[in-house]
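**Q** Below is start-v5.txt; it holds compact mmCIF, C-alpha atoms.
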# COMPACT_ATOMS: atom_id res chain seq x y z
CA MET A 1 0.00 0.00 0.00
CA VAL A 2 1.30 3.46 -0.85
CA GLN A 3 2.00 5.63 2.19
CA PHE A 4 -0.32 8.63 2.57
CA GLY A 5 2.58 11.11 2.53
CA LYS A 6 4.00 9.77 -0.75
CA LEU A 7 0.53 9.55 -2.29
CA HIS A 8 -0.11 13.12 -1.21
CA SER A 9 3.14 14.27 -2.88
CA LEU A 10 2.31 12.48 -6.12
CA PHE A 11 -1.23 13.85 -6.01
CA LEU A 12 -0.03 17.42 -5.71
CA THR A 13 2.23 16.87 -8.72
CA SER A 14 -0.78 15.68 -10.66
CA VAL A 15 -2.79 18.63 -9.37
CA ASN A 16 -0.22 21.05 -10.76
CA ASP A 17 -0.44 19.27 -14.10
CA CYS A 18 -4.24 19.59 -14.12
CA LEU A 19 -4.64 23.16 -12.92
CA PRO A 20 -4.36 26.03 -15.41
CA MET A 21 -0.94 27.59 -15.09
CA GLU A 22 -2.18 31.18 -15.35
CA CYS A 23 -2.95 32.97 -12.11
CA ASN A 24 -5.24 35.97 -12.50
CA TYR A 25 -5.28 37.15 -8.92
CA GLN A 26 -1.90 38.85 -8.63
CA CYS A 27 -1.32 42.55 -9.06
CA GLY A 28 1.76 44.71 -8.57
CA GLN A 29 5.34 43.66 -9.07
CA SER A 30 5.15 40.21 -7.54
CA VAL A 31 3.72 37.42 -9.69
CA VAL A 32 3.77 33.84 -8.46
CA SER A 33 2.74 30.75 -10.39
CA LEU A 34 2.57 27.10 -9.44
CA LYS A 35 5.68 25.20 -10.54
CA ARG A 36 5.54 21.59 -11.55
CA LYS A 37 7.83 19.30 -9.63
CA LEU A 38 8.99 16.10 -11.27
CA PRO A 39 8.71 12.95 -9.17
CA GLU A 40 11.80 11.42 -7.65
CA ASP A 41 13.52 8.77 -9.78
CA GLY A 42 12.42 5.98 -7.50
CA ASP A 43 8.80 6.94 -7.95
CA HIS A 44 8.73 6.91 -11.78
CA VAL A 45 6.93 3.59 -11.99
CA LEU A 46 4.41 4.51 -9.31
CA PHE A 47 3.85 7.92 -10.85
CA ASN A 48 3.24 6.53 -14.33
CA THR A 49 0.57 4.14 -13.01
CA PHE A 50 -1.02 6.64 -10.64
CA SER A 51 -4.45 8.00 -11.61
CA LEU A 52 -6.68 10.44 -9.77
CA ASP A 53 -9.62 8.27 -10.76
CA ASP A 54 -8.23 5.53 -8.51
CA LEU A 55 -8.98 7.61 -5.40
CA ASN A 56 -12.29 7.29 -3.62
CA GLU A 57 -14.17 10.53 -2.98
CA ASP A 58 -13.20 10.80 0.69
CA LEU A 59 -9.45 10.45 0.09
CA PHE A 60 -9.68 12.67 -2.99
CA GLU A 61 -11.27 15.49 -0.97
CA ARG A 62 -8.92 15.03 1.99
CA ILE A 63 -5.84 15.50 -0.18
CA LEU A 64 -7.41 18.30 -2.20
CA SER A 65 -8.15 20.18 1.04
CA TRP A 66 -4.39 20.61 1.58
CA LEU A 67 -3.99 22.71 -1.55
CA PRO A 68 -3.30 26.44 -1.10
CA THR A 69 -6.58 28.35 -0.92
CA SER A 70 -5.72 30.35 -4.04
CA THR A 71 -6.02 27.17 -6.12
CA PHE A 72 -9.65 26.70 -5.03
CA PHE A 73 -10.67 29.50 -7.39
CA ARG A 74 -9.57 27.32 -10.30
CA LEU A 75 -11.22 24.02 -9.38
CA ASN A 76 -14.16 24.76 -11.68
CA SER A 77 -11.89 24.92 -14.72
CA VAL A 78 -10.31 21.46 -14.35
CA CYS A 79 -13.14 18.94 -14.85
CA LYS A 80 -16.67 18.12 -13.71
CA ARG A 81 -15.46 16.05 -10.76
CA TRP A 82 -13.29 18.88 -9.42
CA LYS A 83 -16.10 21.37 -9.96
CA SER A 84 -18.46 19.25 -7.88
CA VAL A 85 -15.87 19.05 -5.09
CA ALA A 86 -15.74 22.85 -4.75
CA ASP A 87 -19.36 22.94 -3.55
CA SER A 88 -19.30 19.68 -1.62
CA ALA A 89 -20.22 19.79 2.08
CA SER A 90 -17.85 16.88 2.79
CA PHE A 91 -15.01 18.79 1.10
CA LYS A 92 -15.67 21.80 3.33
CA LEU A 93 -15.60 19.46 6.31
CA ALA A 94 -12.21 18.16 5.14
CA CYS A 95 -10.97 21.76 4.83
CA SER A 96 -12.12 22.52 8.38
CA ARG A 97 -9.81 19.79 9.66
CA ILE A 98 -6.77 21.72 8.45
CA SER A 99 -5.66 23.29 11.72
CA SER A 100 -4.36 26.54 10.23
CA ARG A 101 -3.65 28.26 6.94
CA GLU A 102 -1.16 30.97 6.06
CA PRO A 103 -2.87 34.32 6.65
CA TRP A 104 -4.21 36.65 4.01
CA PHE A 105 -4.39 40.38 4.69
CA LEU A 106 -7.40 42.38 3.53
CA MET A 107 -6.07 45.81 2.62
CA VAL A 108 -8.19 48.90 3.23
CA ALA A 109 -8.24 51.91 0.91
CA PRO A 110 -10.89 54.57 0.26
CA ASN A 111 -13.15 54.24 -2.79
CA LEU A 112 -11.92 50.74 -3.63
CA ASN A 113 -14.65 48.73 -5.40
CA GLN A 114 -12.89 45.40 -4.96
CA SER A 115 -11.05 43.46 -2.27
CA VAL A 116 -7.27 43.57 -2.45
CA ILE A 117 -5.50 40.79 -0.57
CA PHE A 118 -1.87 40.20 0.34
CA ASP A 119 -1.20 36.46 0.38
CA SER A 120 1.61 35.87 2.89
CA SER A 121 2.22 32.29 1.69
CA GLU A 122 3.02 33.47 -1.85
CA SER A 123 4.13 37.03 -1.00
CA SER A 124 1.82 38.30 -3.71
CA TRP A 125 -1.19 40.55 -4.21
CA LYS A 126 -4.60 39.21 -5.21
CA ARG A 127 -7.83 40.86 -6.27
CA LEU A 128 -11.24 39.49 -5.30
CA ASN A 129 -14.66 40.76 -6.19
CA HIS A 130 -16.72 42.31 -3.42
CA PRO A 131 -19.54 40.06 -2.15
CA PRO A 132 -22.84 40.98 -3.88
CA LEU A 133 -24.40 42.37 -0.70
CA LEU A 134 -21.52 44.83 -0.28
CA GLN A 135 -21.94 45.99 -3.88
CA GLU A 136 -25.47 47.25 -3.22
CA GLU A 137 -25.70 51.03 -3.28
CA SER A 138 -26.83 51.26 0.33
CA ASN A 139 -23.76 49.29 1.46
CA GLN A 140 -21.04 50.81 -0.70
CA ASN A 141 -19.73 52.88 2.21
CA CYS A 142 -19.28 49.83 4.44
CA MET A 143 -15.91 49.76 6.17
CA PRO A 144 -14.15 46.60 7.44
CA VAL A 145 -13.67 46.94 11.19
CA ALA A 146 -12.76 43.47 12.48
CA ALA A 147 -11.79 39.97 11.36
CA SER A 148 -11.43 36.48 12.79
CA GLY A 149 -10.94 33.03 11.35
CA GLY A 150 -12.10 33.21 7.74
CA LEU A 151 -14.59 36.07 8.24
CA ILE A 152 -14.56 39.86 7.93
CA CYS A 153 -16.92 42.19 9.83
CA HIS A 154 -18.02 45.40 8.04
CA ARG A 155 -19.74 48.38 9.65
CA LYS A 156 -22.40 50.32 7.75
CA SER A 157 -22.82 54.08 7.97
CA SER A 158 -26.03 53.38 9.93
CA GLY A 159 -24.00 51.57 12.60
CA ASN A 160 -25.23 48.08 11.72
CA PHE A 161 -22.95 45.25 10.63
CA ILE A 162 -22.39 42.85 7.72
CA VAL A 163 -20.24 39.72 8.04
CA SER A 164 -18.67 38.16 4.95
CA ASN A 165 -16.36 35.40 3.81
CA PRO A 166 -14.14 37.19 1.26
CA VAL A 167 -13.06 33.90 -0.34
CA THR A 168 -16.51 32.52 -1.14
CA GLY A 169 -18.33 35.87 -1.34
CA SER A 170 -21.04 34.74 1.07
CA CYS A 171 -22.25 37.39 3.50
CA THR A 172 -25.11 38.26 5.81
CA GLU A 173 -26.42 41.40 7.51
CA LEU A 174 -26.78 41.17 11.27
CA PRO A 175 -29.94 42.26 13.11
CA PRO A 176 -30.13 46.02 13.84
CA LEU A 177 -27.99 47.16 16.75
CA HIS A 178 -29.74 49.11 19.48
CA ALA A 179 -26.69 50.90 20.83
CA PRO A 180 -26.67 52.66 24.20
CA GLN A 181 -27.56 56.31 23.73
CA HIS A 182 -24.89 58.99 24.12
CA GLN A 183 -22.16 56.39 24.63
CA PRO A 184 -19.09 56.50 22.35
CA LEU A 185 -17.98 53.25 20.72
CA ASN A 186 -14.44 52.29 21.77
CA ALA A 187 -13.82 48.80 20.43
CA ILE A 188 -15.12 46.28 17.88
CA VAL A 189 -13.69 42.76 18.03
CA MET A 190 -14.64 39.46 16.46
CA SER A 191 -13.98 35.85 17.43
CA THR A 192 -14.80 32.57 15.69
CA ALA A 193 -15.09 28.99 16.81
CA CYS A 194 -11.70 27.64 15.73
CA LYS A 195 -12.81 24.02 15.36
CA ASP A 196 -15.63 24.31 12.85
CA GLN A 197 -15.64 27.95 11.63
CA LEU A 198 -19.44 27.73 11.83
CA SER A 199 -20.11 30.29 14.56
CA PHE A 200 -18.78 33.69 15.54
CA LYS A 201 -19.20 36.48 18.07
CA ILE A 202 -18.88 40.25 17.78
CA VAL A 203 -18.12 42.30 20.89
CA LEU A 204 -18.63 46.07 21.17
CA VAL A 205 -17.28 48.19 24.05
CA PHE A 206 -19.02 51.51 24.73
CA GLY A 207 -18.66 54.38 27.20
CA GLU A 208 -16.14 56.75 28.67
CA LEU A 209 -13.71 55.79 31.41
CA PRO A 210 -14.53 54.75 34.05
CA ASN A 211 -18.08 54.00 32.88
CA LEU A 212 -17.72 51.19 30.34
CA LEU A 213 -20.17 48.57 29.09
CA PHE A 214 -20.24 45.94 26.36
CA LYS A 215 -22.66 44.16 24.03
CA VAL A 216 -22.21 40.78 22.32
CA TYR A 217 -23.68 39.32 19.14
CA ASP A 218 -23.64 35.51 18.99
CA SER A 219 -24.32 33.92 15.60
CA ARG A 220 -25.66 30.80 17.30
CA SER A 221 -28.56 32.74 18.83
CA GLY A 222 -28.73 35.25 15.98
CA CYS A 223 -29.31 38.26 18.23
CA TRP A 224 -27.58 40.92 20.31
CA ASP A 225 -27.39 40.39 24.06
CA ASP A 226 -28.27 43.17 26.49
CA GLU A 227 -25.42 45.49 27.43
CA ILE A 228 -23.40 44.58 30.51
CA ALA A 229 -21.57 47.11 32.69
CA LEU A 230 -17.85 46.77 33.45
CA ARG A 231 -16.44 47.73 36.83
CA ARG A 232 -12.92 48.95 37.45
CA LYS A 233 -10.73 46.19 38.79
CA THR A 234 -10.17 46.86 42.48
CA GLU A 235 -6.44 46.08 42.46
CA ASP A 236 -5.93 48.41 39.51
CA ASN A 237 -3.61 51.09 40.87
CA SER A 238 -3.02 52.87 37.57
CA MET A 239 -2.92 56.62 37.97
CA GLU A 240 -5.48 58.85 36.39
CA HIS A 241 -4.15 60.29 33.16
CA ASP A 242 -4.64 63.60 31.50
CA SER A 243 -7.14 63.39 28.68
CA THR A 244 -6.11 64.60 25.26
CA ASP A 245 -7.98 65.41 22.10
CA ASP A 246 -8.60 62.15 20.20
CA ASN A 247 -7.53 63.71 16.91
CA VAL A 248 -4.28 65.29 18.09
CA VAL A 249 -0.96 63.47 17.83
CA TYR A 250 2.05 64.88 19.67
CA PHE A 251 5.64 64.57 18.47
CA LEU A 252 8.98 66.30 18.99
CA SER A 253 10.29 68.69 16.36
CA LYS A 254 13.95 68.75 15.42
CA ALA A 255 14.44 71.63 17.83
CA GLY A 256 12.85 69.67 20.66
CA ILE A 257 9.58 71.61 20.58
CA VAL A 258 6.34 69.70 21.13
CA VAL A 259 4.19 70.00 18.01
CA ALA A 260 0.55 68.97 17.67
CA SER A 261 -0.76 67.55 14.40
CA ASN A 262 -4.42 66.85 13.63
CA MET A 263 -3.61 63.39 12.27
CA GLN A 264 -6.76 61.27 11.90
CA ARG A 265 -6.40 57.51 12.29
CA SER A 266 -7.62 55.34 9.46
CA PRO A 267 -11.43 55.21 9.76
CA SER A 268 -11.30 51.42 9.72
CA LYS A 269 -8.91 51.41 12.68
CA GLN A 270 -10.47 54.06 14.88
CA TYR A 271 -11.88 51.17 16.93
CA SER A 272 -8.49 49.46 16.98
CA SER A 273 -8.85 46.59 19.43
CA VAL A 274 -8.06 42.89 19.86
CA ILE A 275 -9.45 39.97 21.85
CA THR A 276 -7.55 37.15 23.56
CA ASN A 277 -8.56 34.17 25.64
CA LYS A 278 -6.40 33.76 28.73
CA ASP A 279 -7.11 30.91 31.15
CA GLY A 280 -10.61 30.62 29.73
CA GLN A 281 -11.32 34.34 30.11
CA ASP A 282 -12.11 36.57 27.12
CA ILE A 283 -10.25 39.90 27.33
CA VAL A 284 -10.73 42.83 24.95
CA TYR A 285 -7.93 45.39 24.62
CA PHE A 286 -8.31 48.86 23.13
CA LEU A 287 -6.56 52.23 23.21
CA SER A 288 -7.97 55.08 25.25
CA SER A 289 -7.97 58.63 23.85
CA SER A 290 -4.64 59.33 25.56
CA GLY A 291 -2.90 56.20 24.28
CA ASN A 292 -3.31 53.97 27.35
CA VAL A 293 -4.11 50.30 26.78
CA VAL A 294 -7.41 49.35 28.44
CA ALA A 295 -8.15 45.67 29.15
CA CYS A 296 -11.79 44.60 29.51
CA ASN A 297 -12.27 41.16 31.05
CA LEU A 298 -15.64 40.06 29.67
CA THR A 299 -15.75 36.94 31.85
CA CYS A 300 -15.17 38.77 35.13
CA LYS A 301 -16.99 41.91 33.89
CA CYS A 302 -14.20 44.26 34.93
CA PHE A 303 -11.55 46.46 33.30
CA PHE A 304 -8.17 47.97 34.12
CA GLU A 305 -5.63 50.26 32.48
CA TYR A 306 -2.02 49.39 31.75
CA PRO A 307 0.68 51.93 32.62
CA ARG A 308 1.83 54.16 29.78
CA LEU A 309 4.75 53.02 27.67
CA LEU A 310 6.27 56.49 27.34
CA PRO A 311 5.43 60.00 28.53
CA VAL A 312 2.55 61.42 26.51
CA PHE A 313 4.66 63.92 24.57
CA SER A 314 7.11 61.18 23.50
CA GLU A 315 4.53 58.99 21.82
CA TYR A 316 3.82 59.53 18.19
CA SER A 317 1.71 56.61 16.99
CA ILE A 318 0.65 53.44 18.78
CA ASP A 319 -1.47 50.38 18.03
CA VAL A 320 -2.44 47.10 19.69
CA VAL A 321 -2.20 43.69 18.00
CA GLU A 322 -2.86 40.06 18.90
CA CYS A 323 -0.13 37.53 18.13
CA SER A 324 -0.32 33.86 19.09
CA GLY A 325 -2.98 34.56 21.69
CA GLU A 326 -1.37 37.50 23.48
CA MET A 327 -1.70 41.27 23.29
CA LEU A 328 1.27 43.28 22.02
CA VAL A 329 1.80 46.99 21.41
CA VAL A 330 3.54 48.50 18.38
CA LEU A 331 5.00 51.96 18.92
CA LEU A 332 6.49 54.45 16.46
CA SER A 333 8.25 57.23 18.34
CA GLU A 334 10.74 60.00 17.69
CA PHE A 335 13.66 60.78 19.96
CA LEU A 336 17.11 62.32 19.52
CA GLU A 337 16.47 63.22 15.87
CA THR A 338 15.53 59.73 14.77
CA ALA A 339 12.47 57.47 14.58
CA THR A 340 12.16 54.03 16.18
CA LEU A 341 9.62 51.28 15.57
CA ARG A 342 9.36 48.76 18.40
CA VAL A 343 7.13 45.95 19.65
CA TRP A 344 6.34 45.62 23.36
CA ARG A 345 4.86 42.95 25.64
CA TYR A 346 3.54 43.60 29.13
CA ASP A 347 5.33 41.60 31.83
CA GLU A 348 2.66 40.67 34.37
CA ALA A 349 5.22 39.44 36.90
CA ASN A 350 7.29 42.65 36.94
CA LYS A 351 4.36 44.97 36.16
CA GLY A 352 6.15 46.67 33.29
CA TRP A 353 6.56 46.75 29.51
CA HIS A 354 9.28 44.64 27.89
CA GLN A 355 10.60 45.23 24.37
CA ILE A 356 10.57 42.07 22.25
CA ALA A 357 11.42 43.39 18.76
CA ALA A 358 12.78 46.54 17.13
CA MET A 359 13.30 47.57 13.54
CA PRO A 360 16.96 48.32 12.73
CA ALA A 361 17.58 52.04 13.22
CA ALA A 362 18.92 52.42 9.68
CA ASN A 363 15.52 51.39 8.34
CA SER A 364 13.24 53.30 10.71
CA HIS A 365 15.21 56.58 10.49
CA GLU A 366 13.67 57.40 7.10
CA TRP A 367 10.32 58.00 8.84
CA TYR A 368 11.70 60.70 11.08
CA GLY A 369 9.71 63.90 10.71
CA LYS A 370 7.22 62.30 8.28
CA LYS A 371 4.31 62.48 10.75
CA ALA A 372 3.50 58.86 9.96
CA ASP A 373 0.56 57.02 11.49
CA ILE A 374 0.81 53.26 12.04
CA ASN A 375 -2.05 50.80 11.69
CA CYS A 376 -1.06 47.26 12.61
CA VAL A 377 -2.50 43.76 12.58
CA GLY A 378 -1.09 40.53 13.97
CA ALA A 379 -1.25 37.00 12.57
CA GLY A 380 0.54 34.20 14.41
CA ASN A 381 4.13 35.39 14.87
CA GLN A 382 3.84 38.09 12.20
CA ILE A 383 2.79 41.73 12.36
CA LEU A 384 1.83 43.72 9.28
CA ILE A 385 2.46 47.45 9.83
CA CYS A 386 0.91 50.03 7.52
CA LEU A 387 2.72 53.37 7.73
CA SER A 388 0.99 56.32 6.11
CA SER A 389 1.57 60.05 6.00
CA PRO A 390 1.23 62.84 3.44
CA ASP A 391 4.77 61.98 2.23
CA LEU A 392 4.93 58.24 2.83
CA CYS A 393 2.93 55.07 2.41
CA THR A 394 4.58 51.72 2.96
CA TYR A 395 3.90 48.29 4.46
CA VAL A 396 6.30 46.26 6.57
CA MET A 397 6.04 42.65 7.75
CA CYS A 398 7.72 41.88 11.08
CA ASP A 399 8.59 38.30 12.03
CA LEU A 400 8.74 38.20 15.82
CA GLU A 401 10.66 34.92 15.96
CA THR A 402 13.56 36.15 13.81
CA ASN A 403 13.14 39.94 14.28
CA LYS A 404 13.17 40.16 10.50
CA TRP A 405 11.52 43.24 8.94
CA VAL A 406 10.56 43.07 5.27
CA GLU A 407 8.96 45.82 3.19
CA LEU A 408 6.16 44.56 0.95
CA PRO A 409 6.16 45.30 -2.79
CA LYS A 410 3.92 48.06 -4.11
CA CYS A 411 0.49 47.05 -5.34
CA CYS A 412 -0.49 48.28 -8.82
CA ILE A 413 -3.98 48.08 -10.29
CA ASN A 414 -4.36 49.07 -13.94
CA GLY A 415 -0.89 50.61 -13.83
CA GLU A 416 -1.65 52.77 -10.80
CA VAL A 417 -0.01 52.31 -7.38
CA ILE A 418 -2.65 51.87 -4.67
CA ASP A 419 -2.03 53.32 -1.19
CA PHE A 420 -3.64 51.42 1.67
CA MET A 421 -4.51 52.85 5.08
CA SER A 422 -4.71 49.65 7.11
CA ALA A 423 -5.25 45.90 6.94
CA PHE A 424 -7.07 43.02 8.61
CA SER A 425 -5.71 39.48 8.82
CA PHE A 426 -7.83 36.38 8.25
CA GLU A 427 -7.38 32.75 7.31
CA PRO A 428 -8.64 32.03 3.78
CA ARG A 429 -11.20 29.33 4.53
CA ILE A 430 -13.94 28.29 2.14
CA GLU A 431 -15.72 26.46 4.97
CA ALA A 432 -16.14 29.58 7.14
CA SER A 433 -19.89 30.09 7.37
CA VAL A 434 -21.96 33.23 7.88
Let me see the file written as structure tokens.
**A**
Amino acid sequence: MVQFGKLHSLFLTSVNDCLPMECNYQCGQSVVSLKRKLPEDGDHVLFNTFSLDDLNEDLFERILSWLPTSTFFRLNSVCKRWKSVADSASFKLACSRISSREPWFLMVAPNLNQSVIFDSSESSWKRLNHPPLLQEESNQNCMPVAASGGLICHRKSSGNFIVSNPVTGSCTELPPLHAPQHQPLNAIVMSTACKDQLSFKIVLVFGELPNLLFKVYDSRSGCWDDEIALRRKTEDNSMEHDSTDDNVVYFLSKAGIVVASNMQRSPSKQYSSVITNKDGQDIVYFLSSSGNVVACNLTCKCFFEYPRLLPVFSEYSIDVVECSGEMLVVLLSEFLETATLRVWRYDEANKGWHQIAAMPAANSHEWYGKKADINCVGAGNQILICLSSPDLCTYVMCDLETNKWVELPKCCINGEVIDFMSAFSFEPRIEASV
């Protein structure tokens, strides 16, 4: 009997022979195509007698589920059998058993009538059509605000939400939200059931410190729960901070003078927040108006504030991300006539922030004085950082394990370079259900 691993290798070789070689999803300077790999010499006989028709449907779907998600778009063009697999419930079940997939990043830009994706597995750009519901005139101003698993959450101008699977194009509009009156919205986060990708939750945090409350939408019940108040954690000894204008960013000029700039965060990231599960407790993190990280423990129904990373006038741009189940902070700051970009983790034992990664100074110095705003998103051990300013727009991928920082290629559509404001990470999963 042929071992599953060897059969899988031979199958993928046959897959590459069957699939069309053209790839129509890439844009920009990076173009990646599937390359055919010849079988090893010892497998020539086995390869020559191997036929896809010899596989039963279950094994056929199991092996096919291991293909990169980008190849799923081309299943319909191979043959009738492959086309039927693409819509098969058992194939989606096989896909759900793949524990993880390399993340895709949904890029956000104003007035973009299509979805632009950065595929981290191929280091290439892809273009996907907007789901039909998002193409309706009443929904054209929808803005992505959160993501989890294989789903993206969009917020309408009315304040209601639409959830979509950008790979399959399926989407649904959630029931109307009856938000608390006169309470500002601080955070929007999303979580999915990792095992089956069949259910999700959306959490909203409202209010002004210290009066916070939250609401939860659960797809299993199909409705919004009543709002629940959060109390300040009693052992929270964080000092009260001076409030600052939400739209004002402070930085040091070359002469050492504090300068205020009315720099507006990307609209899609104004509710910048993440959710983690620690010891069975769901915790939502968001940034207060003064740049403090606020942690809301939904299980214990309490919140607390972390100490500031730097004095208020030293901070230039800050964002929170989730990587491998923990909250991290990315900070772009200016000091001593240079700019630094660093990643920080909070040390619970020592009650202080600990730097875990830093971009080489030679690379970050070019952003000095550019008044850049950072919008970041985490995925596993990677962080995608979007830096934007009137003079600069670039995207950098940070690998936390190797402290490697790589600038992404420019994305061109119809010969024009597209500038993105922010991004959301998700796993490209055809089985993710709305």
**Q** Atom CA of A:Ala94 to atom CA of A:Leu59: how many Å, to one decimal?
**A**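 Atom CA of A:Leu59 lies at a distance of 9.6 Å from atom CA of A:Ala94.
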**Q** Write out as a ChimeraX atom specification the residues lying within 12 Å of A:Glu366, counting all atoms listed in the file and excluding same-chain residues fewer than 2 positions away.
**A** /A:334,337-341,359-364,368-372,387,391-394
**Q** Between A:Asp58, A:Asp225, A:Asp347, A:Asp373, which is the closest to A:Asp319 once you count all atoms listed in the file?
**A**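 The shortest atom-to-atom distance to A:Asp319 comes from A:Asp373.
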**Q** Work out how far apart atom CA of A:Pro390 and atom CA of A:Ile374 are and give it in Å to one decimal.
**A** 12.9 Å
**Q** What's the 12 Å shell around A:Leu198, counting only C-alpha atoms, without same-chain residues fewer than 5 positions away, as a ChimeraX atom specification?
**A** /A:92-93,96,148-151,165,191-193,218-220,429-434
**Q** Take atom CA of A:Val329 and atom CA of A:Cys376 and report the distance between them in Å, one decimal.
**A**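 Atom-to-atom, atom CA of A:Val329 to atom CA of A:Cys376, that is 9.3 Å.
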**Q** Would you mind telling me which residue in A:Arg97, A:His365, A:Lys215, A:Arg308 lies nearest to A:Phe335 when using all atoms listed in the file?
**A**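 Among A:Arg97, A:His365, A:Lys215, A:Arg308, it is A:His365 that comes nearest to A:Phe335.
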**Q** For A:Asn292, which of A:Ser99, A:Ser317, A:Thr276, A:Gln140 is the closest residue, counting all atoms listed in the file?
**A**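 Ranked by minimum distance to A:Asn292, first place goes to A:Ser317.
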**Q** Excluding same-chain residues fewer than 4 positions from stretch 295-298 of chain A, what lies within 10 Å of it counting only C-alpha atoms, as a PDB file with C-alpha atoms, in the frame of the given file?
**A**
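What landed in selection-v2.pdb:
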ATOM      1  CA  VAL A 203     -18.120  42.300  20.890  1.00  0.00           C
ATOM      2  CA  VAL A 205     -17.280  48.190  24.050  1.00  0.00           C
ATOM      3  CA  LEU A 212     -17.720  51.190  30.340  1.00  0.00           C
ATOM      4  CA  LEU A 213     -20.170  48.570  29.090  1.00  0.00           C
ATOM      5  CA  PHE A 214     -20.240  45.940  26.360  1.00  0.00           C
ATOM      6  CA  LYS A 215     -22.660  44.160  24.030  1.00  0.00           C
ATOM      7  CA  VAL A 216     -22.210  40.780  22.320  1.00  0.00           C
ATOM      8  CA  ILE A 228     -23.400  44.580  30.510  1.00  0.00           C
ATOM      9  CA  ALA A 229     -21.570  47.110  32.690  1.00  0.00           C
ATOM     10  CA  LEU A 230     -17.850  46.770  33.450  1.00  0.00           C
ATOM     11  CA  ARG A 231     -16.440  47.730  36.830  1.00  0.00           C
ATOM     12  CA  ARG A 232     -12.920  48.950  37.450  1.00  0.00           C
ATOM     13  CA  LYS A 233     -10.730  46.190  38.790  1.00  0.00           C
ATOM     14  CA  SER A 273      -8.850  46.590  19.430  1.00  0.00           C
ATOM     15  CA  VAL A 274      -8.060  42.890  19.860  1.00  0.00           C
ATOM     16  CA  ILE A 275      -9.450  39.970  21.850  1.00  0.00           C
ATOM     17  CA  THR A 276      -7.550  37.150  23.560  1.00  0.00           C
ATOM     18  CA  ASN A 277      -8.560  34.170  25.640  1.00  0.00           C
ATOM     19  CA  LYS A 278      -6.400  33.760  28.730  1.00  0.00           C
ATOM     20  CA  GLN A 281     -11.320  34.340  30.110  1.00  0.00           C
ATOM     21  CA  ASP A 282     -12.110  36.570  27.120  1.00  0.00           C
ATOM     22  CA  ILE A 283     -10.250  39.900  27.330  1.00  0.00           C
ATOM     23  CA  VAL A 284     -10.730  42.830  24.950  1.00  0.00           C
ATOM     24  CA  TYR A 285      -7.930  45.390  24.620  1.00  0.00           C
ATOM     25  CA  PHE A 286      -8.310  48.860  23.130  1.00  0.00           C
ATOM     26  CA  LEU A 287      -6.560  52.230  23.210  1.00  0.00           C
ATOM     27  CA  CYS A 302     -14.200  44.260  34.930  1.00  0.00           C
ATOM     28  CA  PHE A 303     -11.550  46.460  33.300  1.00  0.00           C
ATOM     29  CA  PHE A 304      -8.170  47.970  34.120  1.00  0.00           C
ATOM     30  CA  GLU A 305      -5.630  50.260  32.480  1.00  0.00           C
ATOM     31  CA  TYR A 306      -2.020  49.390  31.750  1.00  0.00           C
ATOM     32  CA  MET A 327      -1.700  41.270  23.290  1.00  0.00           C
TER      33      MET A 327
END
**Q** Which of these residues is nearest to A:Ile152, using only C-alpha atoms: A:Gly222, A:Pro175, A:Gly169, A:Pro311?
**A** A:Gly169
**Q** Wanna dump the stretch 141-187 of chain A-stretch 100-118 of chain A contacts at 10 Å for me, each residue with its shortest atom pair and the distance in Å to one decimal, counting all atoms listed in the file, ordered by chain and number, as JSON lines?
**A**
{"residue": "A:Asn141", "atom": "CA", "partner": "A:Asn111", "partner_atom": "CA", "distance": 8.4}
{"residue": "A:Met143", "atom": "CA", "partner": "A:Val108", "partner_atom": "CA", "distance": 8.3}
{"residue": "A:Pro144", "atom": "CA", "partner": "A:Val108", "partner_atom": "CA", "distance": 7.7}
{"residue": "A:Val145", "atom": "CA", "partner": "A:Val108", "partner_atom": "CA", "distance": 9.9}
{"residue": "A:Ala147", "atom": "CA", "partner": "A:Leu106", "partner_atom": "CA", "distance": 9.3}
{"residue": "A:Gly149", "atom": "CA", "partner": "A:Ser100", "partner_atom": "CA", "distance": 9.3}
{"residue": "A:Gly150", "atom": "CA", "partner": "A:Pro103", "partner_atom": "CA", "distance": 9.4}
{"residue": "A:Ile152", "atom": "CA", "partner": "A:Leu106", "partner_atom": "CA", "distance": 8.8}
{"residue": "A:Pro166", "atom": "CA", "partner": "A:Ser115", "partner_atom": "CA", "distance": 7.8}
{"residue": "A:Val167", "atom": "CA", "partner": "A:Ser115", "partner_atom": "CA", "distance": 10.0}
**Q** Leaving out A:Glu401 and any residue of its chain fewer than 2 positions from it, which residues lie within 12 Å of it when counting all atoms listed in the file, given as a PyMOL selection string?
**A** chain A and resi 323-324+356-358+380-383+398-399+403-405
